[in-house]
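S.K.: Input structure: target.tsv, which contains TSV, C-alpha atoms.
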chain	number	residue	atom	x	y	z
A	296	MET	CA	-32.45	-4.80	-6.26
A	297	GLN	CA	-30.04	-3.47	-3.63
A	298	ASN	CA	-29.96	0.26	-2.90
A	299	PHE	CA	-27.17	1.71	-5.07
A	300	SER	CA	-25.68	3.82	-2.28
A	301	HIS	CA	-25.33	0.68	-0.13
A	302	SER	CA	-23.87	-1.53	-2.84
A	303	LEU	CA	-20.44	-2.95	-2.07
A	304	PRO	CA	-18.56	-0.88	-4.68
A	305	MET	CA	-20.18	2.36	-3.52
A	306	MET	CA	-19.60	1.61	0.16
A	307	MET	CA	-15.95	0.82	-0.58
A	308	ASN	CA	-15.56	4.04	-2.59
A	309	ARG	CA	-17.26	6.13	0.08
A	310	THR	CA	-15.04	4.58	2.73
A	311	LEU	CA	-11.90	5.42	0.75
A	312	ASP	CA	-13.19	8.94	0.13
A	313	SER	CA	-13.70	9.47	3.85
A	314	VAL	CA	-10.44	7.87	5.04
A	315	LEU	CA	-7.77	8.76	2.49
A	316	PRO	CA	-7.82	12.58	2.74
A	317	GLU	CA	-6.50	12.51	6.30
A	318	PHE	CA	-3.72	10.09	5.35
A	319	ARG	CA	-2.88	12.11	2.24
A	320	ALA	CA	-2.58	15.25	4.37
A	321	ILE	CA	0.03	13.48	6.51
A	322	PHE	CA	1.97	12.33	3.46
A	323	LYS	CA	1.83	15.80	1.90
A	324	THR	CA	3.42	17.26	5.03
A	325	PHE	CA	6.46	15.11	4.25
A	326	ASP	CA	6.35	15.71	0.48
A	327	LEU	CA	5.17	12.17	-0.24
A	328	THR	CA	2.46	10.85	-2.50
A	329	GLU	CA	0.21	8.01	-1.43
A	330	GLN	CA	2.09	5.69	-3.80
A	331	GLN	CA	5.47	6.72	-2.33
A	332	TRP	CA	4.07	6.05	1.14
A	333	ARG	CA	3.01	2.55	0.11
A	334	ILE	CA	6.51	1.81	-1.17
A	335	LEU	CA	8.18	3.10	1.98
A	336	ARG	CA	5.72	1.18	4.14
A	337	VAL	CA	6.64	-2.06	2.38
A	338	LEU	CA	10.37	-1.34	2.59
A	339	TRP	CA	10.18	-0.49	6.29
A	340	ASN	CA	8.86	-4.02	6.83
A	341	GLU	CA	11.06	-5.82	4.30
A	342	ASP	CA	14.03	-3.81	3.06
A	343	GLY	CA	16.07	-4.75	0.02
A	344	ILE	CA	13.39	-6.42	-2.09
A	345	LYS	CA	12.79	-6.72	-5.83
A	346	LEU	CA	10.57	-4.36	-7.81
A	347	SER	CA	8.20	-7.24	-8.59
A	348	ASP	CA	7.68	-7.84	-4.87
A	349	ILE	CA	7.07	-4.14	-4.23
A	350	SER	CA	4.61	-4.09	-7.12
A	351	ALA	CA	2.69	-7.08	-5.76
A	352	GLN	CA	2.50	-5.68	-2.23
A	353	THR	CA	1.63	-2.07	-3.15
A	354	LEU	CA	-0.69	-2.94	-6.05
A	355	LEU	CA	1.28	-0.52	-8.23
A	356	PRO	CA	1.98	-1.73	-11.77
A	357	LYS	CA	5.67	-2.25	-12.53
A	358	PRO	CA	5.82	0.36	-15.33
A	359	SER	CA	4.42	3.04	-12.97
A	360	LEU	CA	6.60	1.84	-10.14
A	361	VAL	CA	9.84	2.51	-12.01
A	362	GLY	CA	9.09	6.24	-12.30
A	363	ILE	CA	7.99	6.49	-8.68
A	364	ILE	CA	11.17	4.73	-7.56
A	365	ASP	CA	13.21	7.16	-9.72
A	366	ARG	CA	11.62	10.17	-8.01
A	367	MET	CA	12.11	8.64	-4.55
A	368	GLU	CA	15.74	7.91	-5.34
A	369	ASP	CA	16.17	11.54	-6.47
A	370	LYS	CA	14.75	12.64	-3.09
A	371	GLY	CA	17.29	10.43	-1.33
A	372	LEU	CA	14.63	8.18	0.25
A	373	LEU	CA	15.82	4.91	-1.24
A	374	LYS	CA	18.47	3.33	-3.37
A	375	ARG	CA	18.76	0.68	-6.02
A	376	ILE	CA	21.16	-2.15	-5.31
A	377	ARG	CA	22.28	-4.04	-8.41
A	378	SER	CA	23.32	-7.65	-8.13
A	379	THR	CA	26.98	-8.28	-8.81
A	380	SER	CA	26.17	-11.64	-10.42
A	381	ASP	CA	23.11	-10.60	-12.50
A	382	ARG	CA	22.92	-6.99	-13.68
A	383	ARG	CA	19.22	-7.39	-14.45
A	384	SER	CA	18.51	-8.11	-10.79
A	385	VAL	CA	17.87	-4.96	-8.77
A	386	ARG	CA	16.76	-4.66	-5.18
A	387	ILE	CA	15.29	-1.56	-3.60
A	388	SER	CA	16.38	-0.46	-0.16
A	389	THR	CA	15.58	2.52	2.03
A	390	SER	CA	18.28	5.08	2.64
A	391	ALA	CA	19.08	6.48	6.08
A	392	LYS	CA	16.83	9.44	5.20
A	393	GLY	CA	14.02	7.07	4.24
A	394	ARG	CA	14.35	5.16	7.52
A	395	ARG	CA	14.34	8.38	9.57
A	396	LEU	CA	11.09	9.34	7.88
A	397	GLU	CA	9.41	6.33	9.45
A	398	GLU	CA	10.04	7.73	12.94
A	399	LYS	CA	8.36	10.99	11.97
A	400	ILE	CA	5.40	9.69	9.99
A	401	GLN	CA	4.39	6.48	11.73
A	402	PRO	CA	3.15	8.15	14.96
A	403	LEU	CA	0.92	10.44	12.88
A	404	VAL	CA	-0.43	7.50	10.90
A	405	ASP	CA	-1.08	5.61	14.14
A	406	GLU	CA	-3.02	8.61	15.48
A	407	CYS	CA	-5.05	8.68	12.27
A	408	TYR	CA	-5.89	4.99	12.64
A	409	ALA	CA	-6.94	5.60	16.24
A	410	ARG	CA	-9.32	8.38	15.16
A	411	ILE	CA	-10.81	6.24	12.40
A	412	ALA	CA	-11.27	3.27	14.73
A	413	SER	CA	-12.61	5.31	17.65
A	414	GLY	CA	-16.12	4.20	18.46
A	415	ILE	CA	-15.57	0.84	16.78
A	416	LYS	CA	-15.11	-2.10	19.09
A	417	PRO	CA	-11.82	-3.96	18.53
A	418	ARG	CA	-13.80	-7.14	17.90
A	419	ASP	CA	-15.88	-5.39	15.22
A	420	TRP	CA	-12.72	-3.95	13.62
A	421	LYS	CA	-11.22	-7.44	13.45
A	422	ILE	CA	-14.42	-8.84	11.94
A	423	MET	CA	-14.43	-6.06	9.33
A	424	MET	CA	-10.80	-6.73	8.38
A	425	ASN	CA	-11.41	-10.49	8.21
A	426	THR	CA	-14.51	-9.96	6.07
A	427	LEU	CA	-12.63	-7.71	3.66
A	428	GLN	CA	-9.92	-10.38	3.37
A	429	GLN	CA	-12.58	-13.01	2.69
A	430	ILE	CA	-13.99	-10.84	-0.11
A	431	ILE	CA	-10.51	-10.51	-1.62
A	432	ASP	CA	-9.82	-14.23	-1.29
A	433	ASN	CA	-13.20	-15.13	-2.78
A	434	THR	CA	-12.90	-12.83	-5.78
A	435	ASP	CA	-9.27	-13.92	-6.37
A	436	ALA	CA	-10.35	-17.57	-6.31
A	437	GLN	CA	-13.16	-16.86	-8.77
A	438	ALA	CA	-10.75	-15.03	-11.07
A	439	ASP	CA	-8.32	-17.97	-10.89
A	440	ASN	CA	-11.13	-20.37	-11.75
A	441	LYS	CA	-12.15	-18.29	-14.78
A	442	THR	CA	-8.54	-18.22	-15.98
A	443	ALA	CA	-8.19	-21.99	-15.54
A	444	VAL	CA	-11.41	-22.63	-17.51
A	445	ARG	CA	-10.20	-20.46	-20.43
A	446	LYS	CA	-6.98	-22.46	-20.73
Have the structure of the file written as structure tokens, please.
M.R.:
Amino acid sequence: MQNFSHSLPMMMNRTLDSVLPEFRAIFKTFDLTEQQWRILRVLWNEDGIKLSDISAQTLLPKPSLVGIIDRMEDKGLLKRIRSTSDRRSVRISTSAKGRRLEEKIQPLVDECYARIASGIKPRDWKIMMNTLQQIIDNTDAQADNKTAVRK
């Protein structure tokens, strides 16, 4: 049996526990939660997208996302854009204030990444990221297979 402290779930949890506090400190400086950061990060790359797309990219469930979006809209960081042809269709876009925030936060996040990656060879970092993606792809494929078998 594998040592519990070196099992994949524990290593992933320990990694998150060591990495996230520094990022959260940055977000707190700008009165953002981690979830709000994820939403902004997605919108900075692809502005004006549907809630379902934001949910898929941020891994935030749609019911939770609505409240987070409400609070961000109240802060003036983003806006809802309703379709003129389909009132049910809503897109989320960053406001000017939300876009200006990127210029302030991103350099700090980049510095944080540099500290985390210091001492890790770029090749090893790339291998790690590829391996994590392979784990995700593998477990997603297995989940899809289980769902297909049940049908």
S.K.: Residues of range 379-432 of chain A that have any atom at most 8 Å from an atom of range 311-328 of chain A: could you tabulate them with the shortest-distance atom pair and the distance in Å to one decimal, using only C-alpha atoms, ordered by chain and increasing number, as JSON lines?
M.R.:
{"residue": "A:Ile400", "atom": "CA", "partner": "A:Ile321", "partner_atom": "CA", "distance": 7.4}
{"residue": "A:Leu403", "atom": "CA", "partner": "A:Ile321", "partner_atom": "CA", "distance": 7.1}
{"residue": "A:Val404", "atom": "CA", "partner": "A:Phe318", "partner_atom": "CA", "distance": 7.0}
{"residue": "A:Cys407", "atom": "CA", "partner": "A:Phe318", "partner_atom": "CA", "distance": 7.2}
{"residue": "A:Ile411", "atom": "CA", "partner": "A:Val314", "partner_atom": "CA", "distance": 7.5}
S.K.: Take the residues that were just selected and, keeping C-alpha atoms, output them as a PDB file, keeping the file's coordinate frame.
M.R.:
ATOM      1  CA  ILE A 400       5.400   9.690   9.990  1.00  0.00           C
ATOM      2  CA  LEU A 403       0.920  10.440  12.880  1.00  0.00           C
ATOM      3  CA  VAL A 404      -0.430   7.500  10.900  1.00  0.00           C
ATOM      4  CA  CYS A 407      -5.050   8.680  12.270  1.00  0.00           C
ATOM      5  CA  ILE A 411     -10.810   6.240  12.400  1.00  0.00           C
TER       6      ILE A 411
END
S.K.: Let me have the centre and edge lengths in Å, one decimal, of the box along x, y and z around every listed atom of range 328-342 of chain A with 8 Å of margin on each side, as JSON.
M.R.:
{"center_x": 7.1, "center_y": 2.5, "center_z": 1.5, "size_x": 29.8, "size_y": 32.7, "size_z": 26.6}
S.K.: Nearest to Leu335 in chain A among A:Met307, A:Met423, A:Ile387, A:Ala438, with distances taken over all atoms listed in the file: which residue is it?
M.R.: A:Ile387
S.K.: What's around range 336-338 of chain A at 10 Å? Count only C-alpha atoms, leave out sequence neighbours fewer than 3 positions away in its own chain, and write the answer as number ranges by chain.
M.R.: A: 330-333, 341-344, 348-350, 352-353, 373, 387-389, 393-394, 397, 401
S.K.: Separation of CA of Leu427 in chain A and CA of Pro304 in chain A, in Å?
M.R.: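 We find that CA of Leu427 in chain A and CA of Pro304 in chain A lie 12.3 Å from each other.
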S.K.: Interatomic distance between CA of Trp339 in chain A and CA of Lys374 in chain A?
M.R.: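 Between these atoms lies a distance of 13.3 Å.
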S.K.: Quick one, how far is CA of Pro417 in chain A from CA of Ser302 in chain A?
M.R.: 24.7 Å
S.K.: What's around Gly371 in chain A at 12 Å? Count only C-alpha atoms, leave out sequence neighbours fewer than 4 positions away in its own chain, and write the answer as a list in words.
M.R.: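 Contacts, in chain order: Ile364, Asp365, Arg366, Met367, Arg375, Ser388, Thr389, Ser390, Ala391, Lys392, Gly393, Arg394, Arg395 and Leu396 of chain A.
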S.K.: Counting only C-alpha atoms, which residue out of A:Arg377, A:Thr310, A:Asp435, A:Ile334 sits closest to Leu360 in chain A?
M.R.: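 Checking each candidate against Leu360 in chain A, we get A:Ile334 as the closest.
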